[in-house]
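K.L.:
Here you go, one structure.
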Amino acid sequence: MATYGLIALFETAPEIYHAAEAVRDAGYKRWDCITPMPVHGLDGAMGLRRSIVPRISIAGGITGFCTGMSMIFYMNGFDYRLVVGGKPFFSPLYAFPVSYELTILFTAFATIGGMFFLNGLTKLYHPVLKHKDIGRGMDDRFFIVIEARDPRFDAINTRALLENIGGRDITELED
């Protein structure tokens, strides 16, 4: 079987934080941290940029609002022109409830769709799940996984780096 990468165990949040800084400074690009809880500042220690999911969400919201306004404008102004009590054919005040609801709906769909796409959530299996103690990574242990497809990956040098930064139980993961 092909090698997916190396996984190393860390006991505490400060250990994985400093280890993440060391891996980032070593120039690795394809690696991840597995933690049982959010670790404040870990994204920065890993060198990750801000997510674009909020931008996708706002685009969905604007699209929903414009869709609602356009739909009411078309229905009242062209499709079914009906004068009720001398009111105008289109007024943003009357179109607001529909636009508001479509804003929320489109924002939710855009956010969920963006997360599925960007996080690769359609993948039903990940090689890290083969590790014997990965369940502890959801309870009380911290792991760093460096993928073999990283350009800087070399089994010996990467293992030495993980040992130097305090990693224990360093294991090779199969793909």
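In the structure tokens, chains take letters A, B, ... by order of appearance, with residues numbered from 1 within each chain and ligands from 1 in the order shown.
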I'd like the neighbourhood of Thr107 in chain A as a PyMOL selection string, where a residue qualifies if any of its atoms comes within 10 Å (using only C-alpha atoms), though same-chain residues fewer than 5 positions away should be ignored.
P.N.:
chain A and resi 54+56-65+101-102+112-113
K.L.:
Please provide the set of residues having any atom within 8 Å of Gly68 in chain A, restricted to only C-alpha atoms, with same-chain residues fewer than 6 positions apart removed, written as a ChimeraX atom specification.
P.N.:
/A:95-96,98-100,102-103
K.L.:
Quick one: residues within 6 Å of Ala8 in chain A, only C-alpha atoms, excluding same-chain residues fewer than 4 positions away - as a PyMOL selection string?
P.N.:
chain A and resi 143-144+167-170
K.L.:
Output as JSON, numbers by chain all residues of range 73-159 of chain A that backbone DSSP marks as helix (DSSP H, G or I).
P.N.:
{"A": [73, 74, 75, 76, 77, 78, 79, 92, 93, 94, 95, 96, 97, 98, 99, 100, 101, 102, 103, 104, 105, 106, 107, 108, 109, 110, 111, 112, 113, 114, 115, 116, 117, 118, 119, 127, 128, 129, 130, 134, 135, 136, 137, 138, 155, 156, 157, 158, 159]}
K.L.:
Please compute the CA of Gly5 in chain A-CA of Cys33 in chain A distance, one decimal, in Å.
P.N.:
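Value for the CA of Gly5 in chain A-CA of Cys33 in chain A distance: 13.0 Å.
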K.L.:
Between A:Leu9, A:Met71, A:Ala110, A:Ala26, which is the closest to Phe90 in chain A once you count only C-alpha atoms?
P.N.:
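Smallest separation from Phe90 in chain A among the options: A:Met71.
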K.L.:
Residues within 12 Å of range 154-164 of chain A, please, as JSON, numbers by chain. Count only C-alpha atoms; anything in the same chain fewer than 3 positions from it doesn't count.
P.N.:
{"A": [3, 4, 5, 6, 7, 8, 9, 10, 15, 16, 18, 19, 20, 21, 22, 23, 24, 25, 26, 27, 28, 31, 143, 144, 145, 146, 147, 148, 149, 150, 151, 167, 168, 169, 170, 171, 172, 173]}
K.L.:
How many Å separate CA of Met37 in chain A from CA of Ile134 in chain A?
P.N.:
14.0 Å
K.L.:
Could you work out how far CA of Thr111 in chain A lies from CA of Arg50 in chain A, giving the answer in Å with one decimal?
P.N.:
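CA of Arg50 in chain A sits 15.0 Å away from CA of Thr111 in chain A.
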K.L.:
Taking only C-alpha atoms into account, name the residue in A:Ile72, A:Val53, A:Val128, A:Ala2 that is nearest to Phe109 in chain A.
P.N.:
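For Phe109 in chain A, the nearest of the candidates is A:Val53.
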K.L.:
DSSP on the backbone: what in range 18-79 of chain A comes out strand (DSSP E), as JSON, numbers by chain?
P.N.:
{"A": [31, 32, 33, 34]}
